[in-house]
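> Got a structure for you, my_file13.json, holding JSON, C-alpha atoms.
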[["chain", "number", "residue", "atom", "x", "y", "z"],
["A", 11, "ALA", "CA", 0.00, 0.00, 0.00],
["A", 12, "PRO", "CA", 1.24, 3.54, -0.72],
["A", 13, "THR", "CA", 2.80, 5.34, 2.22],
["A", 14, "PRO", "CA", 0.52, 8.14, 3.47],
["A", 15, "THR", "CA", 1.93, 11.60, 4.19],
["A", 16, "ALA", "CA", 0.40, 14.92, 5.22],
["A", 17, "PHE", "CA", -0.06, 15.53, 1.47],
["A", 18, "GLY", "CA", -1.54, 12.10, 0.64],
["A", 19, "THR", "CA", 0.63, 9.34, -0.80],
["A", 20, "ILE", "CA", 4.29, 9.80, -1.72],
["A", 21, "SER", "CA", 3.44, 9.27, -5.39],
["A", 22, "SER", "CA", 0.75, 11.99, -5.34],
["A", 23, "LEU", "CA", 3.16, 14.35, -3.59],
["A", 24, "LEU", "CA", 5.86, 13.70, -6.22],
["A", 25, "ALA", "CA", 3.31, 14.07, -9.04],
["A", 26, "ALA", "CA", 2.25, 17.43, -7.64],
["A", 27, "MET", "CA", 5.86, 18.57, -7.31],
["A", 28, "MET", "CA", 7.08, 17.47, -10.76],
["A", 29, "PRO", "CA", 6.12, 20.63, -12.71],
["A", 30, "THR", "CA", 7.98, 22.73, -10.13],
["A", 31, "LEU", "CA", 11.00, 20.42, -10.13],
["A", 32, "HIS", "CA", 11.15, 20.50, -13.94],
["A", 33, "ARG", "CA", 11.21, 24.30, -13.92],
["A", 34, "CYS", "CA", 13.63, 24.63, -11.00],
["A", 35, "VAL", "CA", 16.31, 22.06, -11.75],
["A", 36, "GLY", "CA", 15.61, 20.78, -15.22],
["A", 37, "VAL", "CA", 15.30, 17.14, -16.10],
["A", 38, "ALA", "CA", 17.89, 14.73, -17.37],
["A", 39, "SER", "CA", 17.12, 11.21, -18.42],
["A", 40, "VAL", "CA", 18.81, 8.19, -19.91],
["A", 41, "GLY", "CA", 17.24, 6.90, -23.10],
["A", 42, "VAL", "CA", 15.35, 3.61, -22.93],
["A", 43, "ARG", "CA", 16.37, 1.06, -25.56],
["A", 44, "HIS", "CA", 13.54, -1.51, -25.50],
["A", 45, "ALA", "CA", 12.89, -2.23, -29.17],
["A", 46, "GLN", "CA", 16.46, -2.32, -30.47],
["A", 47, "ALA", "CA", 18.35, -5.53, -31.04],
["A", 48, "PRO", "CA", 21.98, -5.64, -29.89],
["A", 49, "THR", "CA", 24.41, -4.83, -32.70],
["A", 50, "ILE", "CA", 28.16, -4.61, -32.99],
["A", 51, "ARG", "CA", 29.19, -1.07, -32.09],
["A", 52, "ARG", "CA", 32.60, 0.48, -32.72],
["A", 53, "ALA", "CA", 33.92, 3.99, -32.29],
["A", 54, "ARG", "CA", 37.33, 5.55, -32.85],
["A", 55, "ALA", "CA", 38.33, 8.90, -31.36],
["A", 56, "ALA", "CA", 41.54, 10.90, -31.35],
["A", 57, "CYS", "CA", 43.22, 13.98, -29.99],
["A", 58, "ARG", "CA", 46.61, 15.66, -30.21],
["A", 59, "VAL", "CA", 48.94, 16.57, -27.40],
["A", 60, "LEU", "CA", 51.25, 19.41, -28.37],
["A", 61, "VAL", "CA", 54.23, 18.66, -26.14],
["A", 62, "GLY", "CA", 56.90, 20.80, -27.79],
["A", 63, "PRO", "CA", 60.51, 19.96, -28.61],
["A", 64, "GLU", "CA", 61.83, 19.51, -25.03],
["A", 65, "VAL", "CA", 59.15, 17.01, -23.99],
["A", 66, "ALA", "CA", 59.26, 15.24, -27.37],
["A", 67, "GLU", "CA", 63.00, 14.72, -26.91],
["A", 68, "ALA", "CA", 62.50, 13.40, -23.37],
["A", 69, "LEU", "CA", 59.74, 11.04, -24.56],
["A", 70, "ALA", "CA", 61.85, 9.76, -27.46],
["A", 71, "LEU", "CA", 64.84, 9.10, -25.21],
["A", 72, "GLY", "CA", 62.81, 7.64, -22.33],
["A", 73, "LYS", "CA", 64.03, 10.41, -20.02],
["A", 74, "VAL", "CA", 60.78, 11.45, -18.35],
["A", 75, "ALA", "CA", 61.21, 11.07, -14.59],
["A", 76, "LYS", "CA", 57.78, 9.49, -14.03],
["A", 77, "GLY", "CA", 58.49, 6.59, -16.40],
["A", 78, "ASP", "CA", 57.21, 5.24, -19.71],
["A", 79, "VAL", "CA", 54.71, 8.00, -20.45],
["A", 80, "LEU", "CA", 53.11, 6.63, -23.60],
["A", 81, "THR", "CA", 52.52, 3.14, -22.17],
["A", 82, "VAL", "CA", 51.06, 4.53, -18.94],
["A", 83, "ALA", "CA", 48.85, 6.91, -20.96],
["A", 84, "GLU", "CA", 47.54, 4.00, -23.06],
["A", 85, "ILE", "CA", 46.66, 2.06, -19.90],
["A", 86, "ALA", "CA", 44.99, 5.15, -18.39],
["A", 87, "GLY", "CA", 42.88, 5.53, -21.54],
["A", 88, "ILE", "CA", 41.80, 1.89, -21.43],
["A", 89, "MET", "CA", 40.86, 2.20, -17.76],
["A", 90, "ALA", "CA", 38.91, 5.40, -18.43],
["A", 91, "ALA", "CA", 36.87, 3.83, -21.25],
["A", 92, "LYS", "CA", 35.73, 1.17, -18.80],
["A", 93, "LYS", "CA", 34.77, 3.85, -16.24],
["A", 94, "THR", "CA", 32.92, 6.21, -18.60],
["A", 95, "PRO", "CA", 29.50, 5.73, -16.91],
["A", 96, "ASP", "CA", 31.12, 6.72, -13.59],
["A", 97, "ILE", "CA", 32.40, 9.98, -15.12],
["A", 98, "LEU", "CA", 29.52, 10.94, -17.44],
["A", 99, "PRO", "CA", 26.26, 10.59, -15.53],
["A", 100, "LEU", "CA", 23.91, 9.68, -18.40],
["A", 101, "CYS", "CA", 26.12, 7.09, -20.12],
["A", 102, "HIS", "CA", 24.87, 3.51, -19.99],
["A", 103, "PRO", "CA", 27.25, 0.95, -18.45],
["A", 104, "LEU", "CA", 28.40, -1.27, -21.33],
["A", 105, "LEU", "CA", 30.14, -4.61, -21.57],
["A", 106, "LEU", "CA", 33.05, -3.52, -23.75],
["A", 107, "THR", "CA", 34.57, -6.24, -25.91],
["A", 108, "LYS", "CA", 37.63, -4.28, -27.05],
["A", 109, "VAL", "CA", 39.42, -1.16, -25.89],
["A", 110, "GLY", "CA", 42.65, -0.09, -27.52],
["A", 111, "VAL", "CA", 44.57, 3.14, -27.12],
["A", 112, "GLU", "CA", 47.63, 4.04, -29.14],
["A", 113, "CYS", "CA", 49.88, 7.03, -28.43],
["A", 114, "ARG", "CA", 52.27, 7.87, -31.28],
["A", 115, "LEU", "CA", 55.03, 10.44, -30.88],
["A", 116, "ASP", "CA", 55.93, 12.66, -33.83],
["A", 117, "ARG", "CA", 59.26, 13.77, -32.42],
["A", 118, "GLU", "CA", 60.01, 16.37, -35.09],
["A", 119, "ALA", "CA", 56.60, 18.03, -34.77],
["A", 120, "GLY", "CA", 56.59, 17.80, -30.95],
["A", 121, "VAL", "CA", 53.15, 16.14, -31.01],
["A", 122, "VAL", "CA", 51.67, 12.95, -29.58],
["A", 123, "GLU", "CA", 48.67, 11.66, -31.54],
["A", 124, "VAL", "CA", 46.31, 9.63, -29.34],
["A", 125, "VAL", "CA", 43.84, 7.22, -30.99],
["A", 126, "ALA", "CA", 41.28, 5.19, -29.04],
["A", 127, "ASP", "CA", 39.30, 2.28, -30.54],
["A", 128, "VAL", "CA", 36.36, 0.84, -28.57],
["A", 129, "SER", "CA", 33.91, -1.94, -29.45],
["A", 130, "CYS", "CA", 30.97, -3.76, -27.91],
["A", 131, "THR", "CA", 27.87, -5.67, -28.85],
["A", 132, "GLY", "CA", 25.00, -3.79, -27.32],
["A", 133, "LEU", "CA", 22.02, -1.48, -27.53],
["A", 134, "THR", "CA", 23.89, 1.82, -27.49],
["A", 135, "GLY", "CA", 27.05, 3.19, -29.06],
["A", 136, "VAL", "CA", 30.54, 3.55, -27.66],
["A", 137, "GLU", "CA", 31.38, 7.05, -28.89],
["A", 138, "MET", "CA", 31.63, 8.46, -25.38],
["A", 139, "GLU", "CA", 33.87, 5.61, -24.26],
["A", 140, "SER", "CA", 36.29, 6.23, -27.14],
["A", 141, "LEU", "CA", 36.32, 10.00, -26.57],
["A", 142, "THR", "CA", 36.86, 9.48, -22.83],
["A", 143, "ALA", "CA", 39.73, 7.08, -23.50],
["A", 144, "ALA", "CA", 41.49, 9.51, -25.85],
["A", 145, "ALA", "CA", 41.00, 12.49, -23.53],
["A", 146, "THR", "CA", 42.22, 10.60, -20.47],
["A", 147, "ALA", "CA", 45.33, 9.30, -22.24],
["A", 148, "ALA", "CA", 46.11, 12.91, -23.22],
["A", 149, "LEU", "CA", 45.59, 14.10, -19.63],
["A", 150, "CYS", "CA", 47.95, 11.38, -18.42],
["A", 151, "ILE", "CA", 50.63, 12.59, -20.86],
["A", 152, "TYR", "CA", 50.18, 16.11, -19.52],
["A", 153, "ASP", "CA", 50.35, 14.91, -15.91],
["A", 154, "MET", "CA", 53.52, 12.90, -16.40],
["A", 155, "CYS", "CA", 55.30, 15.58, -18.46],
["A", 156, "LYS", "CA", 54.26, 18.73, -16.58],
["A", 157, "PRO", "CA", 57.50, 18.80, -14.55],
["A", 158, "ILE", "CA", 59.30, 19.51, -17.84],
["A", 159, "THR", "CA", 56.84, 22.20, -19.00],
["A", 160, "LYS", "CA", 53.36, 23.41, -18.16],
["A", 161, "GLY", "CA", 52.96, 24.65, -21.76],
["A", 162, "ILE", "CA", 51.58, 21.34, -23.09],
["A", 163, "VAL", "CA", 48.32, 21.76, -25.05],
["A", 164, "ILE", "CA", 45.65, 19.10, -25.56],
["A", 165, "THR", "CA", 43.73, 19.80, -28.75],
["A", 166, "ASP", "CA", 41.47, 18.42, -31.47],
["A", 167, "LEU", "CA", 39.51, 15.86, -29.43],
["A", 168, "ARG", "CA", 37.22, 14.36, -32.05],
["A", 169, "LEU", "CA", 35.25, 11.31, -33.10],
["A", 170, "LEU", "CA", 36.97, 9.70, -36.09],
["A", 171, "SER", "CA", 34.36, 7.07, -36.87],
["A", 172, "LYS", "CA", 31.47, 5.06, -35.50],
["A", 173, "SER", "CA", 29.58, 2.07, -36.78],
["A", 174, "GLY", "CA", 26.49, 0.16, -35.75],
["A", 175, "GLY", "CA", 23.16, 1.27, -34.44],
["A", 176, "LYS", "CA", 20.09, 3.02, -35.75],
["A", 177, "SER", "CA", 21.88, 6.27, -36.65],
["A", 178, "GLY", "CA", 24.21, 4.43, -39.03],
["A", 179, "ASP", "CA", 27.88, 4.85, -39.70],
["A", 180, "PHE", "CA", 30.01, 7.99, -39.48],
["A", 181, "GLU", "CA", 33.46, 8.55, -40.92],
["A", 182, "ARG", "CA", 35.22, 11.90, -40.44],
["A", 183, "ALA", "CA", 36.70, 13.31, -43.63],
["A", 184, "ILE", "CA", 40.51, 13.34, -43.57],
["A", 185, "ASP", "CA", 40.69, 17.14, -43.87],
["A", 186, "GLU", "CA", 38.29, 17.78, -40.94]]
In structure tokens, how does this file's structure come out?

Amino acid sequence: APTPTAFGTISSLLAAMMPTLHRCVGVASVGVRHAQAPTIRRARAACRVLVGPEVAEALALGKVAKGDVLTVAEIAGIMAAKKTPDILPLCHPLLLTKVGVECRLDREAGVVEVVADVSCTGLTGVEMESLTAAATAALCIYDMCKPITKGIVITDLRLLSKSGGKSGDFERAIDE
């Protein structure tokens, strides 16, 4: 039986309050995916870390005091993809089947290109997981290299491609 209150039942109290709550705090909701069949989902995301010549040299020579920066950044990105629903409140928890992160140093340009590749079979896409993985790997590079310089810039976080699902496939043009 419904719990009575001074205003009637809890459900009638909440129903009466909802218009006010909507206006005061807004409403956020997670989409319901009842009618969709699970499909193979894949998303690739990337970003650039502009480290500059001093950090690029240290990375190339393995001379960063905190250790193997690119390997640690790849692991951080993988861990972050798995924790995306804990970071972004409206993301569905997903059983990821593949998470890969690759950090490639362009020593001459002083840039690390980070690429994350995430897959699952499910009812919703993995774009946010791939973007979170790339961003976190870049943040890890910054964290481990900041004793050398604070001038590192993380830029161009973007979805490269996605496949699967009702919205279809997406492939970013090379010049975008």
> So, with only C-alpha atoms as the atoms that count, which of A:Arg117, A:Ala147, A:Lys172, A:Gly178 lies closest to Leu71 of chain A?
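That would be A:Arg117, the residue with the smallest distance to Leu71 of chain A.
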> Which is closer to Val111 of chain A than all the others in A:Ala47, A:Ala90, A:Ala66, A:Ile85, using all atoms listed in the file?
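Using all atoms listed in the file, the shortest distance to Val111 of chain A belongs to A:Ile85.
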> From the set A:Leu69, A:Val125, A:Ile162, A:Ile184, which residue has the shortest atom-to-atom contact distance to Leu149 of chain A, counting only C-alpha atoms?
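Smallest distance to Leu149 of chain A is found for A:Ile162.
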> For Ala83 of chain A, please output as a ChimeraX atom specification all residues within 9 Å (counting all atoms listed in the file; exclusion window: fewer than 2 positions along the same chain).
/A:78-81,85-88,111-113,146-151,154
> Given all atoms listed in the file as the basis, pick out the residue of A:Leu141, A:Leu60, A:Ala183, A:Val124 nearest to Arg168 of chain A.
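Of the candidates, the smallest distance to Arg168 of chain A is held by A:Leu141.
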> Could you list, as a ChimeraX atom specification, every residue within 8 Å of Thr134 of chain A, counting only C-alpha atoms and ignoring same-chain residues fewer than 2 positions away?
/A:43,51,102,132,136,175
> Give me, as a PyMOL selection string, all polymer residues having an atom no more than 9 Å from Arg182 of chain A, counting only C-alpha atoms and skipping those fewer than 6 positions away in the same chain.
chain A and resi 168-171
> Can those selected residues be exported to a file as a PDB file, keeping the file's coordinate frame so that it contains C-alpha atoms?

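Here's the written file part.pdb:
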ATOM      1  CA  ARG A 168      37.220  14.360 -32.050  1.00  0.00           C
ATOM      2  CA  LEU A 169      35.250  11.310 -33.100  1.00  0.00           C
ATOM      3  CA  LEU A 170      36.970   9.700 -36.090  1.00  0.00           C
ATOM      4  CA  SER A 171      34.360   7.070 -36.870  1.00  0.00           C
TER       5      SER A 171
END
> Atom CA of Ala91 of chain A to atom CA of Asp127 of chain A: how many Å, to one decimal?
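Calculated distance between atom CA of Ala91 of chain A and atom CA of Asp127 of chain A is 9.7 Å.
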> I'd like the interatomic distance between atom CA of Gly135 of chain A and atom CA of Pro99 of chain A, to a tenth of an Å.
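Atom CA of Pro99 of chain A lies 15.4 Å from atom CA of Gly135 of chain A.
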> Around (30.4, 0.2, -21.7), as given in the file, which residues come within 7 Å? Count only C-alpha atoms and list them as a compact mmCIF listing (two decimals) with C-alpha atoms, in the frame of the given file.

# COMPACT_ATOMS: atom_id res chain seq x y z
CA LYS A 92 35.73 1.17 -18.80
CA HIS A 102 24.87 3.51 -19.99
CA PRO A 103 27.25 0.95 -18.45
CA LEU A 104 28.40 -1.27 -21.33
CA LEU A 105 30.14 -4.61 -21.57
CA LEU A 106 33.05 -3.52 -23.75
CA VAL A 136 30.54 3.55 -27.66
CA GLU A 139 33.87 5.61 -24.26
> Skipping near chain neighbours, those fewer than 3 positions away, what residues fall within 6 Å of Val61 of chain A using only C-alpha atoms, listed as a PyMOL selection string?
chain A and resi 65+120-121+162
> In Å, rounded to a single decimal, give me how far atom CA of Ala56 of chain A is from atom CA of Glu181 of chain A.
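Atom CA of Glu181 of chain A sits 12.7 Å away from atom CA of Ala56 of chain A.
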> Using all atoms listed in the file, which of A:Ser129, A:Thr159, A:Ser140, A:Thr165 sits nearest Arg52 of chain A?
A:Ser129
> Would you please work out which residue, of A:Cys130, A:Leu167, A:Ala144, A:Asp179, is nearest to Pro48 of chain A when using only C-alpha atoms?
A:Cys130
